[in-house]
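A.B. asks: One structure follows; several queries about it will come next.
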Amino acid sequence: MALKTFKPVTPSNRYKEWPSFDEVTKTKPEKSLLQVKKRSGGRNNTGRITCRHIGGGHKRKYRLIDFRRLRHGDAAKVLGIEYDPNRTCRIALIQYEDGQKSYILAPAGLEVGTSVVSGEASAPKVGNALPLKKIPLGTSIHNVELTPGRGGQIARSAGQEAILSNYETGYALVRLPSGEIRKIHENCYATIGVVGNREHMNEVSGKAGRTRWQGVRPTVRGMCMNPVDHPNGGGEGKSKSGGGRQHLKSPWGHVKGQKTRKRHKTTSKFIIQGRKSKKR
């Protein structure tokens, strides 16, 4: 996938870089795999805003993605590559021999007409899903399960990949996109390849309006507010937190920069190397 630039006939076009959508081969989604996507506006069931800066944007429908790949041994043909407004990567429409269709995440290099299959007897090629114990060491994988049968949860966004680095008794050591090395049960499934649309991180919106089309509302810095509105507000001129050098806080007074993970979380025993540990 490549990015396209525009002639600077307007200020927003000067630095704008949008995807070219060259890899997209199918423009209309499969109706049988669509669901209504209701908007919350960032509000919970009581009407209170629990996630700020959400609202507006274009209407969307959710595409049902097969993260589990439970039809082991059944080959499916790739019918097309589609754009999904709900995620950063592209999705691939596949069809099994009995006519059933489903969506999967489209890895880089997956072409229309190729065959994909899941199961222990599958070949370790792009688009196939295998248990970790059947994947060769050093292979790039995505859509990795954390619990066998639950479905892929790791490395699902554009350009993401995890690396299978080693094996232990009943577990595989996987280097996650964050750099963390984690033990994952060998029966967990993963898909071969790197998630497509690698250039997504290099996109330049060009104007604030495109962000509003995506349903994101403006964010105002706390330093620009008054003390009554935010802990960082106030002060003469551009000051840090009310004129004094205080720790940055959230709107509710929680100090930022502290660890949020529980100290005695049960799954910490599966983390071999943290994402912030120094590499030797």
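Convention: chains lettered A, B, ... in structure tokens order; per-chain residue numbering from 1; ligands numbered from 1 as shown.
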Compile the contact shell of Pro231 of chain A as number ranges by chain: residues with an atom at most 9 Å away, counting only C-alpha atoms, same-chain residues fewer than 4 positions apart removed.

C.D. replies: A: 222-223, 225-227, 241-242, 248-253

A.B. asks: Could you save those same residues with C-alpha atoms as a compact mmCIF listing (two decimals), in the first residue's frame?

C.D. replies:
# COMPACT_ATOMS: atom_id res chain seq x y z
CA GLY A 222 -5.65 21.49 30.80
CA MET A 223 -3.03 24.26 30.92
CA MET A 225 -8.15 26.17 31.39
CA ASN A 226 -8.90 27.97 34.63
CA PRO A 227 -8.13 26.40 38.02
CA SER A 241 -0.19 23.83 36.83
CA GLY A 242 -1.46 27.01 38.45
CA LEU A 248 0.64 16.81 35.77
CA LYS A 249 -2.76 15.48 36.70
CA SER A 250 -5.90 14.27 35.03
CA PRO A 251 -9.11 16.34 35.25
CA TRP A 252 -10.03 14.26 38.31
CA GLY A 253 -6.75 14.88 40.14

A.B. asks: If you take only C-alpha atoms and a cut-off of 10 Å, which residues of segment 6-75 of chain A touch segment 182-195 of chain A, and what are their nearest atom pairs and distances in Å to one decimal, in chain and number order, as JSON lines?

C.D. replies:
{"residue": "A:Phe67", "atom": "CA", "partner": "A:Ala190", "partner_atom": "CA", "distance": 9.5}
{"residue": "A:Arg68", "atom": "CA", "partner": "A:Tyr189", "partner_atom": "CA", "distance": 8.0}
{"residue": "A:Arg69", "atom": "CA", "partner": "A:Tyr189", "partner_atom": "CA", "distance": 8.5}
{"residue": "A:Leu70", "atom": "CA", "partner": "A:Tyr189", "partner_atom": "CA", "distance": 9.8}

A.B. asks: Between A:Gly237, A:Pro29, A:Pro177, A:Gly170, which has the minimum distance to Leu132 of chain A (counting only C-alpha atoms)?

C.D. replies: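 Closest to Leu132 of chain A of all the choices is A:Gly170.
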
A.B. asks: Going by DSSP on the backbone, which bits of segment 157-267 of chain A are strand (DSSP E)? Write them as a VMD selection string, please.

C.D. replies: chain A and resid 162 to 168 171 to 175 181 to 185 189 to 192

A.B. asks: Excluding same-chain residues fewer than 6 positions from segment 154-161 of chain A, what lies within 8 Å of it counting only C-alpha atoms, as a list in words?

C.D. replies: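 With the cut-off at 8 Å, the set is Arg87, Thr88, Cys89, Arg90, Leu105, Ser140, Ile141, His142, Asn143, Val144, Glu145, Leu146, Leu176, Pro177, Gly193, Val194, Val195, Gly196, Asn197, Arg198, Glu199 and His200 of chain A.
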
A.B. asks: Hey, can you spit out that residue selection with N, CA and C atoms as a PDB file, in the first residue's frame?

C.D. replies:
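Result went into out.pdb, see below:
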ATOM      1  N   ARG A  87     -11.541  -0.190  11.683  1.00  0.00           N
ATOM      2  CA  ARG A  87     -10.192  -0.609  12.068  1.00  0.00           C
ATOM      3  C   ARG A  87      -9.183  -0.037  11.083  1.00  0.00           C
ATOM      4  N   THR A  88      -7.907  -0.057  11.474  1.00  0.00           N
ATOM      5  CA  THR A  88      -6.869   0.568  10.657  1.00  0.00           C
ATOM      6  C   THR A  88      -6.403  -0.320   9.517  1.00  0.00           C
ATOM      7  N   CYS A  89      -6.579  -1.627   9.627  1.00  0.00           N
ATOM      8  CA  CYS A  89      -6.111  -2.532   8.585  1.00  0.00           C
ATOM      9  C   CYS A  89      -7.236  -2.838   7.608  1.00  0.00           C
ATOM     10  N   ARG A  90      -6.893  -3.501   6.526  1.00  0.00           N
ATOM     11  CA  ARG A  90      -7.881  -3.954   5.557  1.00  0.00           C
ATOM     12  C   ARG A  90      -8.390  -5.341   5.972  1.00  0.00           C
ATOM     13  N   LEU A 105      -8.749 -10.647   8.973  1.00  0.00           N
ATOM     14  CA  LEU A 105      -7.818  -9.541   8.803  1.00  0.00           C
ATOM     15  C   LEU A 105      -6.902  -9.838   7.619  1.00  0.00           C
ATOM     16  N   SER A 140       6.807 -14.409  11.585  1.00  0.00           N
ATOM     17  CA  SER A 140       5.969 -13.254  11.908  1.00  0.00           C
ATOM     18  C   SER A 140       4.517 -13.706  11.960  1.00  0.00           C
ATOM     19  N   ILE A 141       3.834 -13.370  13.035  1.00  0.00           N
ATOM     20  CA  ILE A 141       2.448 -13.791  13.223  1.00  0.00           C
ATOM     21  C   ILE A 141       1.612 -12.606  13.672  1.00  0.00           C
ATOM     22  N   HIS A 142       0.302 -12.750  13.554  1.00  0.00           N
ATOM     23  CA  HIS A 142      -0.624 -11.732  14.042  1.00  0.00           C
ATOM     24  C   HIS A 142      -1.903 -12.438  14.473  1.00  0.00           C
ATOM     25  N   ASN A 143      -2.838 -11.663  15.019  1.00  0.00           N
ATOM     26  CA  ASN A 143      -4.118 -12.206  15.497  1.00  0.00           C
ATOM     27  C   ASN A 143      -3.867 -13.385  16.447  1.00  0.00           C
ATOM     28  N   VAL A 144      -3.067 -13.150  17.481  1.00  0.00           N
ATOM     29  CA  VAL A 144      -2.625 -14.205  18.387  1.00  0.00           C
ATOM     30  C   VAL A 144      -3.615 -14.335  19.543  1.00  0.00           C
ATOM     31  N   GLU A 145      -3.958 -15.571  19.867  1.00  0.00           N
ATOM     32  CA  GLU A 145      -4.838 -15.834  21.004  1.00  0.00           C
ATOM     33  C   GLU A 145      -4.046 -15.790  22.308  1.00  0.00           C
ATOM     34  N   LEU A 146      -4.732 -15.427  23.390  1.00  0.00           N
ATOM     35  CA  LEU A 146      -4.164 -15.522  24.732  1.00  0.00           C
ATOM     36  C   LEU A 146      -4.722 -16.722  25.480  1.00  0.00           C
ATOM     37  N   LEU A 176       5.936  -9.524  21.521  1.00  0.00           N
ATOM     38  CA  LEU A 176       4.774  -8.748  21.101  1.00  0.00           C
ATOM     39  C   LEU A 176       5.223  -7.458  20.406  1.00  0.00           C
ATOM     40  N   PRO A 177       4.321  -6.785  19.700  1.00  0.00           N
ATOM     41  CA  PRO A 177       4.698  -5.538  19.022  1.00  0.00           C
ATOM     42  C   PRO A 177       5.253  -4.476  19.966  1.00  0.00           C
ATOM     43  N   GLY A 193       1.945 -14.124   9.057  1.00  0.00           N
ATOM     44  CA  GLY A 193       2.097 -12.910   8.284  1.00  0.00           C
ATOM     45  C   GLY A 193       2.011 -11.647   9.132  1.00  0.00           C
ATOM     46  N   VAL A 194       2.218 -10.524   8.469  1.00  0.00           N
ATOM     47  CA  VAL A 194       2.148  -9.196   9.081  1.00  0.00           C
ATOM     48  C   VAL A 194       0.849  -8.537   8.650  1.00  0.00           C
ATOM     49  N   VAL A 195       0.178  -7.869   9.569  1.00  0.00           N
ATOM     50  CA  VAL A 195      -1.073  -7.183   9.224  1.00  0.00           C
ATOM     51  C   VAL A 195      -0.779  -6.131   8.158  1.00  0.00           C
ATOM     52  N   GLY A 196      -1.650  -6.038   7.169  1.00  0.00           N
ATOM     53  CA  GLY A 196      -1.439  -5.137   6.051  1.00  0.00           C
ATOM     54  C   GLY A 196      -1.644  -3.674   6.393  1.00  0.00           C
ATOM     55  N   ASN A 197      -1.606  -2.841   5.351  1.00  0.00           N
ATOM     56  CA  ASN A 197      -1.751  -1.385   5.478  1.00  0.00           C
ATOM     57  C   ASN A 197      -0.666  -0.812   6.383  1.00  0.00           C
ATOM     58  N   ARG A 198       0.588  -1.151   6.092  1.00  0.00           N
ATOM     59  CA  ARG A 198       1.714  -0.762   6.948  1.00  0.00           C
ATOM     60  C   ARG A 198       1.923   0.744   6.978  1.00  0.00           C
ATOM     61  N   GLU A 199       1.510   1.452   5.946  1.00  0.00           N
ATOM     62  CA  GLU A 199       1.764   2.886   5.869  1.00  0.00           C
ATOM     63  C   GLU A 199       0.741   3.709   6.644  1.00  0.00           C
ATOM     64  N   HIS A 200      -0.133   3.053   7.382  1.00  0.00           N
ATOM     65  CA  HIS A 200      -1.172   3.792   8.095  1.00  0.00           C
ATOM     66  C   HIS A 200      -0.581   4.813   9.063  1.00  0.00           C
TER      67      HIS A 200
END

A.B. asks: Have a look at A:Lys16, A:Arg39, A:Arg261, A:Lys125 and name the one nearest to Ile54 of chain A; count only C-alpha atoms.

C.D. replies: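 With only C-alpha atoms as the atom set, the closest residue is A:Arg39.
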
A.B. asks: Could you pull out the helix (DSSP H, G or I) residues of segment 117-211 of chain A from DSSP and send them as a PyMOL selection string?

C.D. replies: chain A and resi 132-134+198-202+208-211

A.B. asks: Give me, as a ChimeraX atom specification, all polymer residues having an atom no more than 7 Å from Leu110 of chain A, counting only C-alpha atoms and skipping those fewer than 3 positions away in the same chain.

C.D. replies: /A:106-107,126-127

A.B. asks: Using only N, CA and C atoms, please write the residues we just selected to a file, as an mmCIF file, in the first residue's frame.

C.D. replies:
data_model
loop_
_atom_site.group_PDB
_atom_site.id
_atom_site.type_symbol
_atom_site.label_atom_id
_atom_site.label_comp_id
_atom_site.auth_asym_id
_atom_site.auth_seq_id
_atom_site.Cartn_x
_atom_site.Cartn_y
_atom_site.Cartn_z
ATOM 1 N N ALA A 106 -6.688 -8.842 6.770
ATOM 2 C CA ALA A 106 -5.900 -9.052 5.560
ATOM 3 C C ALA A 106 -4.424 -8.815 5.850
ATOM 4 N N PRO A 107 -3.591 -9.874 5.840
ATOM 5 C CA PRO A 107 -2.149 -9.662 6.028
ATOM 6 C C PRO A 107 -1.501 -9.128 4.762
ATOM 7 N N VAL A 126 1.285 -17.296 4.422
ATOM 8 C CA VAL A 126 0.548 -16.077 4.758
ATOM 9 C C VAL A 126 -0.957 -16.334 4.690
ATOM 10 N N GLY A 127 -1.651 -15.972 5.773
ATOM 11 C CA GLY A 127 -3.100 -16.101 5.838
ATOM 12 C C GLY A 127 -3.592 -17.344 6.526
#

A.B. asks: Could you give me, as a tab-separated table, every segment 20-133 of chain A residue with an atom at most 9 Å from segment 210-217 of chain A, plus its closest atom pair and distance in Å to one decimal, counting only C-alpha atoms, rows ordered by chain then number?

C.D. replies:
residue	atom	partner	partner_atom	distance
A:Gly41	CA	A:Gly215	CA	8.8
A:Arg52	CA	A:Arg217	CA	8.3
A:His53	CA	A:Arg217	CA	4.5
A:Ile54	CA	A:Val216	CA	5.0
A:Gly55	CA	A:Gly215	CA	5.2
A:Gly56	CA	A:Gly215	CA	4.9
A:Gly57	CA	A:Gly215	CA	3.8
A:His58	CA	A:Trp213	CA	5.6
A:Pro85	CA	A:Gln214	CA	8.7

A.B. asks: Could you build a table of the residues in segment 55-131 of chain A lying no more than 6 Å from segment 17-25 of chain A, giving for each the nearest pair of atoms and their separation in Å rounded to one decimal place, using only C-alpha atoms, ordered by chain and ascending residue number, as JSON lines?

C.D. replies:
{"residue": "A:Gly80", "atom": "CA", "partner": "A:Thr25", "partner_atom": "CA", "distance": 5.6}
{"residue": "A:Ile81", "atom": "CA", "partner": "A:Val24", "partner_atom": "CA", "distance": 5.0}
{"residue": "A:Glu82", "atom": "CA", "partner": "A:Val24", "partner_atom": "CA", "distance": 5.3}

A.B. asks: Quick one: residues within 7 Å of Tyr96 of chain A, only C-alpha atoms, excluding same-chain residues fewer than 6 positions away - as a PyMOL selection string?

C.D. replies: chain A and resi 74-77

A.B. asks: Skipping near chain neighbours, those fewer than 6 positions away, what residues fall within 12 Å of Tyr15 of chain A using only C-alpha atoms, listed as a PyMOL selection string?

C.D. replies: chain A and resi 3-9+202-207

A.B. asks: Choose the residue, out of A:Cys224, A:Leu34, A:Val112, A:Leu173, that has the smallest atom-to-atom separation from Gly138 of chain A; count only C-alpha atoms.

C.D. replies: A:Leu173
